file coords11.txt (compact mmCIF, C-alpha atoms and all ligand atoms)
# COMPACT_ATOMS: atom_id res chain seq x y z
CA MET A 771 -5.84 3.15 -3.65
CA CYS A 772 -7.59 -0.18 -3.27
CA ASP A 773 -8.05 -1.41 -6.84
CA VAL A 774 -11.46 -2.91 -6.19
CA CYS A 775 -13.28 -0.40 -4.07
CA GLY A 776 -11.07 2.68 -4.29
CA CYS A 777 -10.40 3.08 -0.59
CA GLY A 778 -7.33 1.01 0.29
CA GLU A 779 -4.09 -0.03 -1.33
CA HIS A 780 -3.01 -2.44 -4.06
CA ASN A 781 -2.21 -6.11 -3.60
CA HIS A 782 -5.55 -7.23 -5.02
CA GLU A 783 -6.06 -9.39 -8.03
CA SER A 784 -7.87 -6.47 -9.58
CA GLU A 785 -5.17 -4.35 -11.17
CA ASN A 786 -7.16 -4.17 -14.41
CA LEU A 787 -9.77 -1.95 -12.91
CA PHE A 788 -7.75 1.21 -13.50
CA LYS A 789 -5.93 0.03 -16.60
CA VAL A 790 -8.97 -0.28 -18.80
CA SER A 791 -11.41 2.54 -18.99
CA ASP A 792 -13.19 4.73 -21.49
CA GLU A 793 -14.40 8.29 -21.15
CA THR A 794 -17.84 7.18 -19.95
CA GLY A 795 -16.41 4.92 -17.22
CA ARG A 796 -18.73 2.14 -18.45
CA LYS A 797 -15.94 -0.39 -18.88
CA ASN A 798 -14.77 0.17 -15.31
CA VAL A 799 -18.13 -0.99 -14.06
CA GLU A 800 -18.09 -4.09 -16.25
CA ILE A 801 -14.66 -5.15 -15.04
CA LYS A 802 -15.51 -4.56 -11.41
CA LYS A 803 -18.56 -6.78 -11.81
CA ASN A 804 -16.41 -9.56 -13.23
CA LEU A 805 -13.94 -9.31 -10.39
CA LEU A 806 -16.65 -9.44 -7.79
CA SER A 807 -18.13 -12.52 -9.38
CA LYS A 808 -14.67 -14.12 -9.31
CA ASN A 809 -14.63 -13.46 -5.57
CA ASP A 810 -18.08 -15.02 -5.33
CA GLN A 811 -16.95 -18.12 -7.22
CA VAL A 812 -14.15 -18.73 -4.73
CA ALA A 813 -16.51 -17.89 -1.87
CA MET A 814 -18.86 -20.64 -3.07
CA HIS A 815 -15.89 -23.01 -3.22
CA ASN A 816 -15.03 -22.05 0.38
CA LYS A 817 -18.63 -22.73 1.36
CA GLU A 818 -18.45 -26.18 -0.23
CA HIS A 819 -15.42 -26.98 1.96
CA TRP A 820 -17.15 -25.74 5.08
CA ASP A 821 -20.48 -27.42 4.39
CA ARG A 822 -18.75 -30.70 3.63
CA ASP A 823 -16.71 -30.49 6.85
CA GLY A 824 -19.63 -29.21 8.96
CA VAL A 825 -17.74 -26.05 9.94
CA LEU A 826 -19.76 -23.12 11.25
CA VAL A 827 -18.22 -19.98 9.76
CA ILE A 828 -18.65 -16.55 11.32
CA ASN A 829 -17.39 -13.40 9.56
CA LEU A 830 -16.94 -10.44 11.93
CA ILE A 831 -17.00 -6.95 10.44
CA SER A 832 -16.70 -3.57 12.12
CA SER A 833 -14.71 -0.34 12.24
CA PRO A 834 -11.18 -0.61 13.65
CA GLY A 835 -11.24 -1.00 17.41
CA SER A 836 -14.91 -1.93 17.91
CA GLY A 837 -13.89 -4.93 19.95
CA LYS A 838 -13.80 -7.84 17.48
CA THR A 839 -10.65 -9.46 18.85
CA THR A 840 -11.63 -8.86 22.47
CA LEU A 841 -15.00 -10.52 21.83
CA LEU A 842 -13.17 -13.42 20.18
CA GLU A 843 -10.91 -13.76 23.22
CA ARG A 844 -13.98 -14.01 25.46
CA THR A 845 -15.68 -16.42 23.07
CA ILE A 846 -12.66 -18.72 22.89
CA GLU A 847 -12.40 -18.76 26.69
CA ALA A 848 -16.06 -19.81 26.88
CA LEU A 849 -16.08 -22.44 24.12
CA LYS A 850 -12.59 -23.88 23.76
CA ASP A 851 -13.35 -26.97 25.87
CA GLU A 852 -16.49 -27.71 23.85
CA PHE A 853 -15.42 -27.05 20.27
CA LYS A 854 -12.36 -26.99 18.05
CA ILE A 855 -11.97 -23.31 17.25
CA GLY A 856 -10.00 -21.87 14.34
CA VAL A 857 -9.51 -18.18 13.60
CA LEU A 858 -8.47 -16.36 10.44
CA GLU A 859 -7.32 -12.90 11.46
CA GLY A 860 -7.55 -10.24 8.77
CA ASP A 861 -5.40 -7.15 9.16
CA ILE A 862 -3.47 -4.80 6.96
CA GLU A 863 -0.27 -5.47 8.89
CA THR A 864 1.06 -7.36 11.93
CA GLU A 865 0.46 -10.74 13.57
CA ARG A 866 -0.89 -9.13 16.74
CA ASP A 867 -4.51 -10.29 16.67
CA ALA A 868 -3.53 -13.86 15.77
CA GLU A 869 -1.13 -13.87 18.75
CA ARG A 870 -3.93 -12.63 21.02
CA VAL A 871 -6.37 -15.39 20.07
CA ARG A 872 -3.66 -18.08 20.13
CA ALA A 873 -2.89 -17.02 23.69
CA LYS A 874 -6.51 -17.91 24.54
CA GLY A 875 -6.19 -21.41 23.10
CA ALA A 876 -7.46 -21.17 19.51
CA ALA A 877 -5.54 -22.09 16.39
CA ALA A 878 -5.05 -18.99 14.26
CA VAL A 879 -3.65 -17.89 10.93
CA GLN A 880 -2.96 -14.22 10.34
CA LEU A 881 -3.98 -12.92 6.92
CA THR A 882 -2.21 -9.66 6.19
CA THR A 883 -3.55 -7.82 3.18
CA GLY A 884 -0.57 -5.46 2.79
CA GLY A 885 -2.87 -2.49 2.43
CA ALA A 886 -6.24 -3.73 1.22
CA CYS A 887 -9.09 -2.75 3.49
CA HIS A 888 -11.06 -6.01 3.42
CA LEU A 889 -10.61 -9.77 3.01
CA GLU A 890 -11.41 -11.53 -0.25
CA ALA A 891 -12.37 -15.14 -0.74
CA PRO A 892 -9.10 -16.38 -2.37
CA LEU A 893 -6.95 -15.22 0.56
CA VAL A 894 -9.42 -16.78 2.99
CA HIS A 895 -9.26 -20.04 1.01
CA LYS A 896 -5.48 -20.10 1.29
CA GLY A 897 -5.67 -19.23 4.98
CA TYR A 898 -8.21 -21.97 5.68
CA HIS A 899 -5.93 -24.65 4.22
CA ALA A 900 -3.02 -23.35 6.31
CA LEU A 901 -5.28 -23.45 9.36
CA THR A 902 -6.49 -27.03 8.85
CA LYS A 903 -2.87 -28.10 8.39
CA GLN A 904 -2.02 -26.43 11.68
CA MET A 905 -5.03 -28.04 13.41
CA GLY A 906 -4.65 -31.46 11.80
CA GLY A 907 -8.25 -31.25 10.55
CA ALA A 908 -11.27 -28.99 10.30
CA PRO A 909 -12.49 -26.81 13.18
CA ASP A 910 -16.05 -26.90 14.51
CA ILE A 911 -16.20 -23.11 14.39
CA LEU A 912 -14.17 -20.90 12.09
CA PHE A 913 -14.12 -17.22 13.00
CA ILE A 914 -12.97 -14.80 10.34
CA GLU A 915 -12.06 -11.42 11.77
CA ASN A 916 -12.23 -9.07 8.82
CA VAL A 917 -9.99 -6.03 8.41
CA GLY A 918 -11.29 -3.16 10.56
CA ASN A 919 -13.55 -1.26 8.17
CA LEU A 920 -17.30 -0.82 8.19
CA VAL A 921 -17.65 -0.26 4.45
CA CYS A 922 -15.74 -2.56 2.09
CA PRO A 923 -15.96 -5.94 3.89
CA SER A 924 -19.74 -5.79 3.35
CA SER A 925 -19.22 -6.12 -0.41
CA PHE A 926 -17.20 -9.35 -0.29
CA TYR A 927 -18.92 -12.61 0.54
CA LEU A 928 -16.34 -15.10 1.83
CA GLY A 929 -18.62 -18.14 2.02
CA GLU A 930 -19.59 -17.59 5.65
CA ASP A 931 -22.75 -18.89 7.33
CA VAL A 932 -23.20 -15.84 9.51
CA ARG A 933 -22.03 -12.30 8.98
CA VAL A 934 -21.83 -10.30 12.19
CA VAL A 935 -21.62 -6.50 12.24
CA LEU A 936 -20.38 -4.83 15.43
CA ILE A 937 -20.73 -1.24 16.60
CA SER A 938 -19.18 -0.12 19.88
CA VAL A 939 -20.85 2.41 22.16
CA PRO A 940 -18.15 5.11 21.70
CA GLU A 941 -18.60 5.05 17.91
CA GLY A 942 -22.00 6.69 18.14
CA ALA A 943 -25.59 5.71 17.62
CA ASP A 944 -25.93 7.02 14.09
CA LYS A 945 -23.90 4.29 12.41
CA PRO A 946 -26.56 1.89 11.02
CA ALA A 947 -28.12 4.56 8.80
CA LYS A 948 -24.71 5.85 7.69
CA TYR A 949 -23.32 2.42 6.83
CA PRO A 950 -26.46 0.57 5.71
CA LYS A 951 -24.82 -2.13 3.61
CA ALA A 952 -23.05 -3.65 6.61
CA PHE A 953 -26.44 -4.02 8.29
CA LYS A 954 -28.37 -5.13 5.24
CA THR A 955 -25.93 -7.94 4.47
CA SER A 956 -25.45 -9.21 8.04
CA GLN A 957 -27.51 -11.69 10.01
CA VAL A 958 -26.31 -10.58 13.45
CA PHE A 959 -25.71 -7.13 14.98
CA ILE A 960 -23.67 -6.83 18.18
CA ILE A 961 -23.49 -3.61 20.18
CA THR A 962 -20.19 -3.83 22.07
CA LYS A 963 -18.63 -2.04 25.06
CA THR A 964 -21.95 -1.59 26.87
CA ASP A 965 -19.99 -0.98 30.09
CA LEU A 966 -19.29 2.47 28.58
CA LEU A 967 -22.98 3.41 28.19
CA PRO A 968 -22.96 5.70 31.27
CA TYR A 969 -20.34 7.89 29.60
CA PHE A 970 -21.86 8.27 26.12
CA ASP A 971 -25.12 9.47 24.60
CA PHE A 972 -25.88 6.16 22.98
CA ASP A 973 -29.53 5.19 22.86
CA VAL A 974 -29.49 1.38 22.56
CA LYS A 975 -33.22 1.18 21.79
CA LYS A 976 -32.95 3.72 18.98
CA VAL A 977 -29.89 2.04 17.44
CA LYS A 978 -31.60 -1.34 17.50
CA GLU A 979 -34.70 0.14 15.86
CA GLU A 980 -32.63 1.84 13.18
CA ALA A 981 -30.71 -1.36 12.43
CA LEU A 982 -33.90 -3.41 12.33
CA SER A 983 -35.55 -0.92 10.00
CA LEU A 984 -32.72 -1.64 7.55
CA ASN A 985 -32.85 -5.38 8.12
CA PRO A 986 -35.76 -6.78 10.16
CA LYS A 987 -34.15 -10.25 10.27
CA LEU A 988 -31.08 -9.08 12.24
CA LYS A 989 -30.51 -10.86 15.53
CA VAL A 990 -29.26 -8.26 18.01
CA PHE A 991 -26.94 -8.75 20.99
CA THR A 992 -25.62 -6.18 23.47
CA VAL A 993 -22.34 -7.18 25.10
CA SER A 994 -19.47 -5.99 27.19
CA SER A 995 -16.34 -8.06 26.81
CA LYS A 996 -14.98 -6.20 29.81
CA THR A 997 -17.71 -7.08 32.34
CA GLY A 998 -19.07 -10.17 30.56
CA GLU A 999 -22.58 -8.67 30.25
CA GLY A 1000 -24.52 -10.28 27.39
CA ILE A 1001 -21.74 -12.73 26.53
CA ASP A 1002 -23.78 -15.78 27.60
CA GLN A 1003 -26.52 -15.02 25.05
CA TRP A 1004 -23.93 -14.73 22.28
CA ILE A 1005 -22.33 -18.01 23.35
CA ASP A 1006 -25.72 -19.78 23.43
CA PHE A 1007 -26.42 -18.48 19.93
CA LEU A 1008 -23.12 -19.96 18.70
CA ARG A 1009 -23.88 -23.33 20.35
CA GLU A 1010 -27.25 -23.38 18.60
CA LYS A 1011 -25.65 -22.54 15.25
CA VAL A 1012 -23.02 -25.29 15.60
CA LYS A 1013 -25.82 -27.75 16.32
CA GLU A 1014 -27.69 -26.58 13.21
CA LYS A 1015 -24.59 -26.92 11.06
CA LYS A 1016 -23.72 -30.40 12.31
CA GLY A 1017 -27.39 -31.40 11.95
CA ALA A 1018 -27.38 -30.31 8.32
CA LEU A 1019 -24.29 -32.44 7.74
CA GLN A 1020 -25.97 -35.55 9.18
CA GLU A 1021 -29.04 -35.05 6.97
CA LYS A 1022 -26.89 -35.25 3.84
N1 LIG B 1 -14.49 -0.69 27.91
C1 LIG B 1 -14.41 -1.67 27.00
N2 LIG B 1 -13.35 -1.73 26.17
C2 LIG B 1 -13.31 -2.73 25.27
C3 LIG B 1 -14.32 -3.71 25.16
N3 LIG B 1 -14.01 -4.55 24.15
C4 LIG B 1 -12.84 -4.12 23.65
N4 LIG B 1 -12.41 -3.02 24.33
C5 LIG B 1 -11.18 -2.26 24.09
O1 LIG B 1 -11.25 -1.66 22.80
C6 LIG B 1 -9.97 -1.64 22.18
C7 LIG B 1 -10.03 -2.28 20.81
O2 LIG B 1 -10.42 -3.64 20.95
P1 LIG B 1 -10.09 -4.76 19.87
O3 LIG B 1 -10.77 -6.00 20.33
O4 LIG B 1 -8.64 -4.83 19.64
O5 LIG B 1 -10.80 -4.16 18.59
P2 LIG B 1 -10.81 -4.76 17.10
O6 LIG B 1 -12.18 -4.51 16.56
O7 LIG B 1 -10.34 -6.15 17.10
O8 LIG B 1 -9.76 -3.80 16.38
P3 LIG B 1 -9.07 -4.02 14.92
O9 LIG B 1 -8.66 -5.45 14.83
O10 LIG B 1 -7.92 -3.08 14.94
O11 LIG B 1 -10.11 -3.64 13.92
C8 LIG B 1 -9.02 -2.34 23.14
O12 LIG B 1 -8.34 -1.38 23.92
C9 LIG B 1 -9.96 -3.16 24.02
O13 LIG B 1 -9.45 -3.40 25.32
C10 LIG B 1 -15.42 -3.63 26.08
O14 LIG B 1 -16.36 -4.43 26.06
N5 LIG B 1 -15.41 -2.59 26.96
MG MG B 2 -8.81 -7.02 16.00

call {"tool": "encode", "arguments": {"input": "coords11.txt", "output": "structure tokens", "more": "lines below"}}
Ligand SMILES: Nc1nc2c(ncn2[C@@H]2O[C@H](COP(=O)(O)OP(=O)(O)OP(=O)(O)O)[C@@H](O)[C@H]2O)c(=O)[nH]1
Ligand SMILES: [Mg+2]
result
Amino acid sequence: MCDVCGCGEHNHESENLFKVSDETGRKNVEIKKNLLSKNDQVAMHNKEHWDRDGVLVINLISSPGSGKTTLLERTIEALKDEFKIGVLEGDIETERDAERVRAKGAAAVQLTTGGACHLEAPLVHKGYHALTKQMGGAPDILFIENVGNLVCPSSFYLGEDVRVVLISVPEGADKPAKYPKAFKTSQVFIITKTDLLPYFDFDVKKVKEEALSLNPKLKVFTVSSKTGEGIDQWIDFLREKVKEKKGALQEK
């Protein structure tokens, strides 16, 4: 069991959650709150690093297999000559996703959680320092690919500027209402694998409406990393965000 959220494995800094409890369960709640605020403290520290260095930070969250790494591969291909790109790859096991994005020309550090179903700010902090060492400085854009899971990553702020939630066409159109926190805490929603729309009952308009009813501020993109449809709009959005971030740095 994941010690923080009850759905993964150990290897968190949160062992106390199950060690201290009373019959009402009240103490469990108190301890969990403390642990989350510890995550938030480190997340704010991460944000200080990134604001000081003018790094745009994008946290990608979705179910396993929604197309996060494939979208990153496309994104790196499109932007690698313009920006220094660093990637922190979150997975339970293996170096596979880091190898995939390195092959496209980005610097990458694999963060393996050993069982936990989401990334937490302290591991990201460690990973970021390893990444800057590898790159010899800060990136312009840091992508954090969270562990494939549409539930728990929504509860852990990592210090990012933009949280992006992805749903792929084969997953089904009912997901925003079933996993509302991912949509309520994100700034961007990407519908992926649109090349598969002819084969699935997936009503794009309805899904967008449902997502926007949960969070009217969401910016929505529809993309296919296979055909390239919609990728340009996503890339333009990232260019705009980098400009904003660098602009904020100059104003300081
Ligand atoms: N048809 C189609 N397949 C896609 C698209 N994007 C990704 N895929 C396929 O979907 C599968 C999963 O893609 P990944 O990019 O590895 O998904 P992920 O979200 O990174 O998966 P995890 O890291 O395991 O959570 C792969 O077989 C991809 O080739 C797309 O736009 N269209
Ligand atoms: Mg991946």

call {"tool": "residues_around", "arguments": {"input": "coords11.txt", "residues": "Leu1019 of chain A", "least_positions_apart": "3", "cutoff": "10 Å", "atoms": "all atoms listed in the file", "output": "PyMOL selection string"}}
result
chain A and resi 821-825+1013-1016+1022

call {"tool": "residues_near_ligand", "arguments": {"input": "coords11.txt", "ligand": "ligand LIG 1 (chain B)", "cutoff": "10 Å", "atoms": "only C-alpha atoms and all ligand atoms", "output": "PDB file with C-alpha atoms, keeping the file's coordinate frame"}}
result
ATOM      1  CA  LEU A 830     -16.940 -10.440  11.930  1.00  0.00           C
ATOM      2  CA  ILE A 831     -17.000  -6.950  10.440  1.00  0.00           C
ATOM      3  CA  SER A 832     -16.700  -3.570  12.120  1.00  0.00           C
ATOM      4  CA  SER A 833     -14.710  -0.340  12.240  1.00  0.00           C
ATOM      5  CA  PRO A 834     -11.180  -0.610  13.650  1.00  0.00           C
ATOM      6  CA  GLY A 835     -11.240  -1.000  17.410  1.00  0.00           C
ATOM      7  CA  SER A 836     -14.910  -1.930  17.910  1.00  0.00           C
ATOM      8  CA  GLY A 837     -13.890  -4.930  19.950  1.00  0.00           C
ATOM      9  CA  LYS A 838     -13.800  -7.840  17.480  1.00  0.00           C
ATOM     10  CA  THR A 839     -10.650  -9.460  18.850  1.00  0.00           C
ATOM     11  CA  THR A 840     -11.630  -8.860  22.470  1.00  0.00           C
ATOM     12  CA  LEU A 841     -15.000 -10.520  21.830  1.00  0.00           C
ATOM     13  CA  LEU A 842     -13.170 -13.420  20.180  1.00  0.00           C
ATOM     14  CA  GLU A 843     -10.910 -13.760  23.220  1.00  0.00           C
ATOM     15  CA  ARG A 844     -13.980 -14.010  25.460  1.00  0.00           C
ATOM     16  CA  GLU A 859      -7.320 -12.900  11.460  1.00  0.00           C
ATOM     17  CA  GLY A 860      -7.550 -10.240   8.770  1.00  0.00           C
ATOM     18  CA  ASP A 861      -5.400  -7.150   9.160  1.00  0.00           C
ATOM     19  CA  ILE A 862      -3.470  -4.800   6.960  1.00  0.00           C
ATOM     20  CA  ARG A 866      -0.890  -9.130  16.740  1.00  0.00           C
ATOM     21  CA  ASP A 867      -4.510 -10.290  16.670  1.00  0.00           C
ATOM     22  CA  ALA A 868      -3.530 -13.860  15.770  1.00  0.00           C
ATOM     23  CA  ARG A 870      -3.930 -12.630  21.020  1.00  0.00           C
ATOM     24  CA  GLU A 915     -12.060 -11.420  11.770  1.00  0.00           C
ATOM     25  CA  ASN A 916     -12.230  -9.070   8.820  1.00  0.00           C
ATOM     26  CA  VAL A 917      -9.990  -6.030   8.410  1.00  0.00           C
ATOM     27  CA  GLY A 918     -11.290  -3.160  10.560  1.00  0.00           C
ATOM     28  CA  ASN A 919     -13.550  -1.260   8.170  1.00  0.00           C
ATOM     29  CA  LEU A 920     -17.300  -0.820   8.190  1.00  0.00           C
ATOM     30  CA  LEU A 936     -20.380  -4.830  15.430  1.00  0.00           C
ATOM     31  CA  ILE A 937     -20.730  -1.240  16.600  1.00  0.00           C
ATOM     32  CA  SER A 938     -19.180  -0.120  19.880  1.00  0.00           C
ATOM     33  CA  VAL A 939     -20.850   2.410  22.160  1.00  0.00           C
ATOM     34  CA  PRO A 940     -18.150   5.110  21.700  1.00  0.00           C
ATOM     35  CA  ILE A 961     -23.490  -3.610  20.180  1.00  0.00           C
ATOM     36  CA  THR A 962     -20.190  -3.830  22.070  1.00  0.00           C
ATOM     37  CA  LYS A 963     -18.630  -2.040  25.060  1.00  0.00           C
ATOM     38  CA  THR A 964     -21.950  -1.590  26.870  1.00  0.00           C
ATOM     39  CA  ASP A 965     -19.990  -0.980  30.090  1.00  0.00           C
ATOM     40  CA  LEU A 966     -19.290   2.470  28.580  1.00  0.00           C
ATOM     41  CA  LEU A 967     -22.980   3.410  28.190  1.00  0.00           C
ATOM     42  CA  THR A 992     -25.620  -6.180  23.470  1.00  0.00           C
ATOM     43  CA  VAL A 993     -22.340  -7.180  25.100  1.00  0.00           C
ATOM     44  CA  SER A 994     -19.470  -5.990  27.190  1.00  0.00           C
ATOM     45  CA  SER A 995     -16.340  -8.060  26.810  1.00  0.00           C
ATOM     46  CA  LYS A 996     -14.980  -6.200  29.810  1.00  0.00           C
ATOM     47  CA  THR A 997     -17.710  -7.080  32.340  1.00  0.00           C
ATOM     48  CA  GLY A 998     -19.070 -10.170  30.560  1.00  0.00           C
ATOM     49  CA  GLU A 999     -22.580  -8.670  30.250  1.00  0.00           C
ATOM     50  CA  ILE A1001     -21.740 -12.730  26.530  1.00  0.00           C
TER      51      ILE A1001
END

call {"tool": "closest_residue", "arguments": {"input": "coords11.txt", "among": "A:Gly856, A:Ala813, A:Leu881, A:Ala848", "to": "ligand MG 2 (chain B)", "atoms": "only C-alpha atoms and all ligand atoms"}}
result
A:Leu881

call {"tool": "closest_residue", "arguments": {"input": "coords11.txt", "among": "A:Asp944, A:Glu1021, A:Glu930, A:Glu869", "to": "ligand MG 2 (chain B)", "atoms": "only C-alpha atoms and all ligand atoms"}}
result
A:Glu869

call {"tool": "closest_residue", "arguments": {"input": "coords11.txt", "among": "A:Gly929, A:Pro950, A:Gly1000, A:Pro968", "to": "His895 of chain A", "atoms": "all atoms listed in the file"}}
result
A:Gly929

call {"tool": "closest_residue", "arguments": {"input": "coords11.txt", "among": "A:Ala947, A:Ala908, A:Val857, A:Val1012", "to": "ligand MG 2 (chain B)", "atoms": "all atoms listed in the file"}}
result
A:Val857

call {"tool": "atom_distance", "arguments": {"input": "coords11.txt", "atom1": "atom CA of Ile1005 of chain A", "atom2": "atom CA of Val921 of chain A"}}
result
26.3 Å
